[in-house]
$ cat entry_22.txt   # compact mmCIF, C-alpha atoms
# COMPACT_ATOMS: atom_id res chain seq x y z
CA MET D 1 16.81 9.14 -15.78
CA THR D 2 13.37 10.57 -16.40
CA GLU D 3 10.98 11.36 -13.55
CA GLU D 4 8.74 8.50 -14.76
CA ALA D 5 11.61 6.00 -14.71
CA GLU D 6 12.63 7.16 -11.23
CA THR D 7 9.08 6.59 -9.99
CA VAL D 8 9.03 3.04 -11.35
CA THR D 9 12.43 2.11 -9.85
CA GLU D 10 11.27 3.22 -6.38
CA ILE D 11 8.44 0.69 -6.43
CA GLU D 12 8.51 -2.63 -4.55
CA ILE D 13 6.05 -5.28 -5.73
CA ARG D 14 5.05 -7.77 -3.02
CA ARG D 15 2.26 -10.21 -2.27
CA ILE D 16 -0.99 -8.78 -0.96
CA THR D 17 -2.04 -9.70 2.61
CA THR D 18 -5.12 -9.17 4.76
CA ALA D 19 -3.15 -6.53 6.68
CA ASP D 20 -3.19 -4.45 3.46
CA ALA D 21 -7.00 -4.24 3.35
CA GLY D 22 -7.38 -0.66 4.58
CA GLU D 23 -4.77 0.82 2.26
CA VAL D 24 -5.93 -1.30 -0.67
CA LEU D 25 -9.52 -0.16 -0.18
CA THR D 26 -8.36 3.47 -0.14
CA ILE D 27 -6.35 3.02 -3.35
CA GLN D 28 -9.18 1.09 -4.98
CA ARG D 29 -11.73 3.78 -4.23
CA ALA D 30 -9.44 6.60 -5.34
CA ALA D 31 -8.54 4.80 -8.56
CA PHE D 32 -12.11 3.89 -9.50
CA VAL D 33 -13.54 7.40 -9.03
CA SER D 34 -12.40 8.23 -12.57
CA GLU D 35 -14.23 5.14 -13.85
CA ALA D 36 -17.38 6.21 -12.00
CA LEU D 37 -17.13 9.63 -13.65
CA ILE D 38 -16.63 8.12 -17.12
CA TYR D 39 -19.70 5.90 -16.75
CA GLY D 40 -21.81 8.19 -14.57
CA ASP D 41 -22.17 5.39 -12.02
CA PRO D 42 -20.97 5.91 -8.45
CA ASN D 43 -22.26 2.47 -7.42
CA GLN D 44 -19.58 0.37 -9.11
CA PRO D 45 -18.52 -2.63 -6.98
CA PRO D 46 -14.94 -1.36 -6.44
CA LEU D 47 -16.43 1.78 -4.90
CA THR D 48 -19.10 0.11 -2.78
CA GLN D 49 -17.05 -2.83 -1.47
CA THR D 50 -16.77 -2.63 2.31
CA PHE D 51 -13.65 -3.07 4.39
CA GLU D 52 -15.06 -6.31 5.79
CA GLN D 53 -15.80 -7.67 2.31
CA LEU D 54 -12.32 -6.80 1.09
CA GLU D 55 -10.65 -8.25 4.16
CA ALA D 56 -12.57 -11.52 3.66
CA GLU D 57 -11.63 -11.55 -0.03
CA LEU D 58 -7.96 -11.09 0.80
CA ARG D 59 -7.95 -14.19 3.01
CA ASP D 60 -8.18 -16.32 -0.13
CA ALA D 61 -6.89 -13.88 -2.75
CA ARG D 62 -3.81 -14.07 -4.84
CA GLY D 63 -2.43 -10.73 -5.71
CA PHE D 64 0.20 -8.10 -5.35
CA VAL D 65 0.60 -4.58 -4.09
CA ALA D 66 2.99 -1.91 -5.28
CA VAL D 67 4.68 -0.05 -2.45
CA ARG D 68 6.62 3.21 -2.65
CA GLY D 69 8.32 3.99 0.62
CA ARG D 70 5.72 2.99 3.20
CA ARG D 71 2.71 3.77 0.99
CA ILE D 72 0.75 1.23 -1.01
CA VAL D 73 0.26 2.86 -4.41
CA GLY D 74 -1.24 0.01 -6.40
CA ALA D 75 -2.91 -3.37 -6.09
CA LEU D 76 -4.46 -6.18 -8.05
CA ARG D 77 -6.11 -9.47 -7.24
CA ALA D 78 -6.65 -12.63 -9.23
CA THR D 79 -8.21 -16.05 -9.09
CA GLU D 80 -7.51 -19.16 -11.13
CA ARG D 81 -10.43 -20.94 -12.78
CA ASP D 82 -10.24 -23.73 -15.34
CA GLY D 83 -6.66 -22.90 -16.31
CA VAL D 84 -7.37 -19.19 -16.72
CA LEU D 85 -5.91 -16.51 -14.48
CA GLN D 86 -8.77 -14.06 -13.91
CA ILE D 87 -7.32 -10.68 -13.00
CA GLY D 88 -9.42 -8.03 -11.30
CA ARG D 89 -9.50 -4.81 -9.38
CA ILE D 90 -6.33 -3.34 -10.84
CA ALA D 91 -5.96 -0.05 -9.00
CA VAL D 92 -3.18 2.55 -9.01
CA ALA D 93 -3.16 5.75 -6.97
CA PRO D 94 -4.40 8.56 -9.22
CA ASP D 95 -1.37 10.78 -8.56
CA ILE D 96 0.99 8.23 -10.12
CA GLN D 97 -1.15 6.56 -12.77
CA GLY D 98 0.72 6.22 -16.05
CA SER D 99 4.09 5.59 -14.39
CA GLY D 100 4.22 1.85 -15.16
CA ILE D 101 2.87 0.48 -11.88
CA GLY D 102 -0.12 -1.24 -13.48
CA ARG D 103 2.24 -2.88 -15.95
CA GLN D 104 4.49 -4.09 -13.08
CA LEU D 105 1.53 -5.51 -11.17
CA LEU D 106 0.27 -7.36 -14.26
CA ALA D 107 3.73 -8.81 -14.91
CA ALA D 108 4.01 -9.96 -11.29
CA ILE D 109 0.71 -11.87 -11.30
CA GLU D 110 1.35 -13.32 -14.76
CA ASP D 111 4.76 -14.60 -13.60
CA ASP D 112 3.16 -16.11 -10.48
CA THR D 113 0.82 -18.56 -12.23
CA ASP D 114 0.92 -21.80 -14.14
CA CYS D 115 -2.25 -20.86 -16.03
CA ALA D 116 -2.06 -20.97 -19.81
CA GLU D 117 -4.07 -17.77 -20.23
CA ALA D 118 -4.90 -14.60 -18.33
CA GLU D 119 -8.17 -12.72 -18.63
CA LEU D 120 -9.36 -9.35 -17.42
CA PHE D 121 -12.18 -7.00 -18.27
CA THR D 122 -12.90 -3.31 -18.43
CA GLY D 123 -15.54 -1.03 -19.84
CA SER D 124 -15.64 0.11 -23.46
CA LEU D 125 -15.24 3.77 -22.44
CA SER D 126 -12.08 3.04 -20.42
CA GLU D 127 -9.72 3.87 -23.26
CA ALA D 128 -6.57 4.20 -21.11
CA ASN D 129 -7.20 0.77 -19.57
CA ILE D 130 -7.76 -0.85 -22.95
CA ALA D 131 -4.61 0.76 -24.35
CA LEU D 132 -2.53 -0.45 -21.37
CA TYR D 133 -3.86 -3.99 -21.59
CA GLU D 134 -3.30 -4.15 -25.35
CA ASP D 135 0.23 -2.82 -24.86
CA CYS D 136 0.79 -5.63 -22.32
CA GLY D 137 -0.29 -8.24 -24.89
CA TYR D 138 -3.99 -8.63 -24.09
CA ARG D 139 -6.46 -8.92 -26.96
CA ILE D 140 -10.21 -8.32 -26.99
CA VAL D 141 -12.04 -11.64 -27.09
CA GLU D 142 -15.58 -10.60 -26.17
CA ARG D 143 -17.78 -7.51 -25.94
CA ILE D 144 -20.96 -7.72 -23.88
CA ASP D 145 -23.42 -4.94 -24.61
CA GLN D 146 -24.70 -3.29 -21.44
CA GLY D 147 -27.79 -1.79 -23.09
CA ASP D 148 -26.71 1.78 -22.41
CA GLY D 149 -24.29 2.32 -25.30
CA THR D 150 -21.39 0.77 -23.40
CA ALA D 151 -19.98 -2.73 -23.33
CA GLN D 152 -17.93 -4.89 -21.01
CA ILE D 153 -14.71 -5.71 -22.81
CA PHE D 154 -13.09 -9.06 -21.97
CA MET D 155 -9.44 -9.36 -22.91
CA ARG D 156 -7.14 -12.38 -22.86
CA LYS D 157 -3.45 -13.04 -23.10
CA ARG D 158 -1.69 -16.34 -23.76
CA LEU D 159 0.95 -16.92 -21.09
CA ASP D 160 4.17 -18.87 -21.55
CA GLU D 161 4.47 -22.08 -19.55
CA GLY D 162 4.91 -21.19 -15.90
CA GLY D 163 3.88 -17.57 -16.38
CA ALA D 164 4.51 -14.63 -18.66
CA SER D 165 7.84 -13.61 -20.00

$ encode --input "entry_22.txt" --output "structure tokens"
Amino acid sequence: MTEEAETVTEIEIRRITTADAGEVLTIQRAAFVSEALIYGDPNQPPLTQTFEQLEAELRDARGFVAVRGRRIVGALRATERDGVLQIGRIAVAPDIQGSGIGRQLLAAIEDDTDCAEAELFTGSLSEANIALYEDCGYRIVERIDQGDGTAQIFMRKRLDEGGAS
């Protein structure tokens, strides 16, 4: 078994709770530093969200965390609106990005919905994110120019009845 496969098999995916707020905020901030560097913007919402804001969000959030041992190493949250699962704040600890955790989190939330479609967004310079999402079946449906040479990229995926396969 490769080191990457071993990492993935050690991961437990479970529902996110308000008790996870501190660890999730830490993972979120660590994961989004690379995005801030790509875009030259340290004021991105995932980096400026407070503990209190995140804790309040988690009271009503749907989502999952990835746990290795006793450490949360990944998280994502989603909402359902008008039959569309809107996925956001996908974050994986930088030291294990690329090991399949983001893919596992996406599969978990897709399998946990009755929505017909899932949608997420990322920035046009976030090539690794776009590649992952395309590999998971998401397709670009909209580009919104940000006026600075970048765009917000909205991607959608059709889900099977009762969730993804």

$ residues_around --input "entry_22.txt" --residues "Ala128 in chain D" --least-positions-apart "5" --cutoff "12 Å" --atoms "only C-alpha atoms" --output "list in words"
Ser34, Glu35, Ile38, Gln97, Gly98, Gly102, Thr122, Gly123, Tyr133, Glu134 and Asp135 of chain D

$ residues_around --input "entry_22.txt" --residues "Pro94 in chain D" --least-positions-apart "4" --cutoff "10 Å" --atoms "all atoms listed in the file" --output "PDB file with C-alpha atoms, in the frame of the given file"
ATOM      1  CA  ILE D  27      -6.350   3.020  -3.350  1.00  0.00           C
ATOM      2  CA  GLN D  28      -9.180   1.090  -4.980  1.00  0.00           C
ATOM      3  CA  ALA D  30      -9.440   6.600  -5.340  1.00  0.00           C
ATOM      4  CA  ALA D  31      -8.540   4.800  -8.560  1.00  0.00           C
ATOM      5  CA  PHE D  32     -12.110   3.890  -9.500  1.00  0.00           C
ATOM      6  CA  VAL D  33     -13.540   7.400  -9.030  1.00  0.00           C
ATOM      7  CA  SER D  34     -12.400   8.230 -12.570  1.00  0.00           C
ATOM      8  CA  VAL D  73       0.260   2.860  -4.410  1.00  0.00           C
ATOM      9  CA  GLY D  74      -1.240   0.010  -6.400  1.00  0.00           C
ATOM     10  CA  GLY D  98       0.720   6.220 -16.050  1.00  0.00           C
TER      11      GLY D  98
END

$ residues_around --input "entry_22.txt" --residues "Arg77 in chain D" --least-positions-apart "5" --cutoff "8 Å" --atoms "only C-alpha atoms" --output "JSON list (two decimals) with C-alpha atoms, in the frame of the given file"
[["chain", "number", "residue", "atom", "x", "y", "z"],
["D", 61, "ALA", "CA", -6.89, -13.88, -2.75],
["D", 62, "ARG", "CA", -3.81, -14.07, -4.84],
["D", 63, "GLY", "CA", -2.43, -10.73, -5.71],
["D", 64, "PHE", "CA", 0.20, -8.10, -5.35],
["D", 87, "ILE", "CA", -7.32, -10.68, -13.00],
["D", 88, "GLY", "CA", -9.42, -8.03, -11.30],
["D", 89, "ARG", "CA", -9.50, -4.81, -9.38],
["D", 90, "ILE", "CA", -6.33, -3.34, -10.84]]

$ atom_distance --input "entry_22.txt" --atom1 "CA of Ile144 in chain D" --atom2 "CA of Arg81 in chain D"
20.2 Å

$ residues_around --input "entry_22.txt" --residues "Arg156 in chain D" --least-positions-apart "4" --cutoff "12 Å" --atoms "only C-alpha atoms" --output "list of chain:residue names"
D:Val84, D:Leu85, D:Gln86, D:Ile87, D:Glu110, D:Cys115, D:Ala116, D:Glu117, D:Ala118, D:Glu119, D:Leu120, D:Phe121, D:Thr122, D:Ile130, D:Tyr133, D:Glu134, D:Cys136, D:Gly137, D:Tyr138, D:Arg139, D:Ile140, D:Val141, D:Glu142

$ residues_around --input "entry_22.txt" --residues "Thr17 in chain D" --least-positions-apart "5" --cutoff "12 Å" --atoms "all atoms listed in the file" --output "compact mmCIF listing (two decimals) with C-alpha atoms, keeping the file's coordinate frame"
# COMPACT_ATOMS: atom_id res chain seq x y z
CA GLY D 22 -7.38 -0.66 4.58
CA GLU D 23 -4.77 0.82 2.26
CA VAL D 24 -5.93 -1.30 -0.67
CA LEU D 54 -12.32 -6.80 1.09
CA GLU D 55 -10.65 -8.25 4.16
CA ALA D 56 -12.57 -11.52 3.66
CA GLU D 57 -11.63 -11.55 -0.03
CA LEU D 58 -7.96 -11.09 0.80
CA ARG D 59 -7.95 -14.19 3.01
CA ASP D 60 -8.18 -16.32 -0.13
CA ALA D 61 -6.89 -13.88 -2.75
CA ARG D 62 -3.81 -14.07 -4.84
CA GLY D 63 -2.43 -10.73 -5.71
CA PHE D 64 0.20 -8.10 -5.35
CA VAL D 65 0.60 -4.58 -4.09
CA ILE D 72 0.75 1.23 -1.01
CA ALA D 75 -2.91 -3.37 -6.09
CA LEU D 76 -4.46 -6.18 -8.05
CA ARG D 77 -6.11 -9.47 -7.24

$ closest_residue --input "entry_22.txt" --among "D:Leu159, D:Ile101, D:Ile96, D:Ile11" --to "Arg70 in chain D" --atoms "all atoms listed in the file"
D:Ile11

$ decode --input "entry_22.txt" --residues "range 132-149 of chain D" --atoms "N, CA and C atoms" --output "short mmCIF file (atom, residue, chain, number, x, y, z; two decimals), in the first residue's frame"
data_model
loop_
_atom_site.label_atom_id
_atom_site.label_comp_id
_atom_site.auth_asym_id
_atom_site.auth_seq_id
_atom_site.Cartn_x
_atom_site.Cartn_y
_atom_site.Cartn_z
N LEU D 132 -9.29 19.23 -8.92
CA LEU D 132 -9.95 18.27 -8.02
C LEU D 132 -11.45 18.22 -8.31
N TYR D 133 -12.08 19.38 -8.38
CA TYR D 133 -13.52 19.41 -8.57
C TYR D 133 -13.91 18.80 -9.92
N GLU D 134 -13.15 19.09 -10.96
CA GLU D 134 -13.43 18.49 -12.27
C GLU D 134 -13.27 16.97 -12.19
N ASP D 135 -12.23 16.52 -11.50
CA ASP D 135 -11.99 15.09 -11.35
C ASP D 135 -13.13 14.41 -10.58
N CYS D 136 -13.81 15.17 -9.72
CA CYS D 136 -14.94 14.64 -8.94
C CYS D 136 -16.27 14.80 -9.68
N GLY D 137 -16.22 15.27 -10.93
CA GLY D 137 -17.42 15.36 -11.75
C GLY D 137 -18.06 16.72 -11.85
N TYR D 138 -17.45 17.74 -11.26
CA TYR D 138 -18.01 19.10 -11.34
C TYR D 138 -17.58 19.74 -12.66
N ARG D 139 -18.47 20.56 -13.20
CA ARG D 139 -18.20 21.27 -14.45
C ARG D 139 -18.43 22.75 -14.24
N ILE D 140 -17.62 23.56 -14.91
CA ILE D 140 -17.75 25.02 -14.81
C ILE D 140 -19.04 25.44 -15.49
N VAL D 141 -19.86 26.19 -14.74
CA VAL D 141 -21.13 26.68 -15.28
C VAL D 141 -21.16 28.21 -15.37
N GLU D 142 -20.28 28.87 -14.64
CA GLU D 142 -20.29 30.33 -14.66
C GLU D 142 -18.94 30.87 -14.19
N ARG D 143 -18.52 31.94 -14.86
CA ARG D 143 -17.31 32.68 -14.46
C ARG D 143 -17.73 34.12 -14.22
N ILE D 144 -17.42 34.64 -13.05
CA ILE D 144 -17.77 36.03 -12.75
C ILE D 144 -16.47 36.81 -12.60
N ASP D 145 -16.25 37.71 -13.54
CA ASP D 145 -15.04 38.53 -13.55
C ASP D 145 -14.99 39.39 -12.29
N GLN D 146 -13.82 39.41 -11.65
CA GLN D 146 -13.64 40.18 -10.42
C GLN D 146 -13.02 41.55 -10.67
N GLY D 147 -12.71 41.86 -11.94
CA GLY D 147 -12.17 43.17 -12.29
C GLY D 147 -10.68 43.32 -12.01
N ASP D 148 -10.03 42.24 -11.59
CA ASP D 148 -8.60 42.31 -11.29
C ASP D 148 -7.81 41.24 -12.06
N GLY D 149 -8.43 40.72 -13.12
CA GLY D 149 -7.79 39.66 -13.90
C GLY D 149 -8.14 38.26 -13.40
#
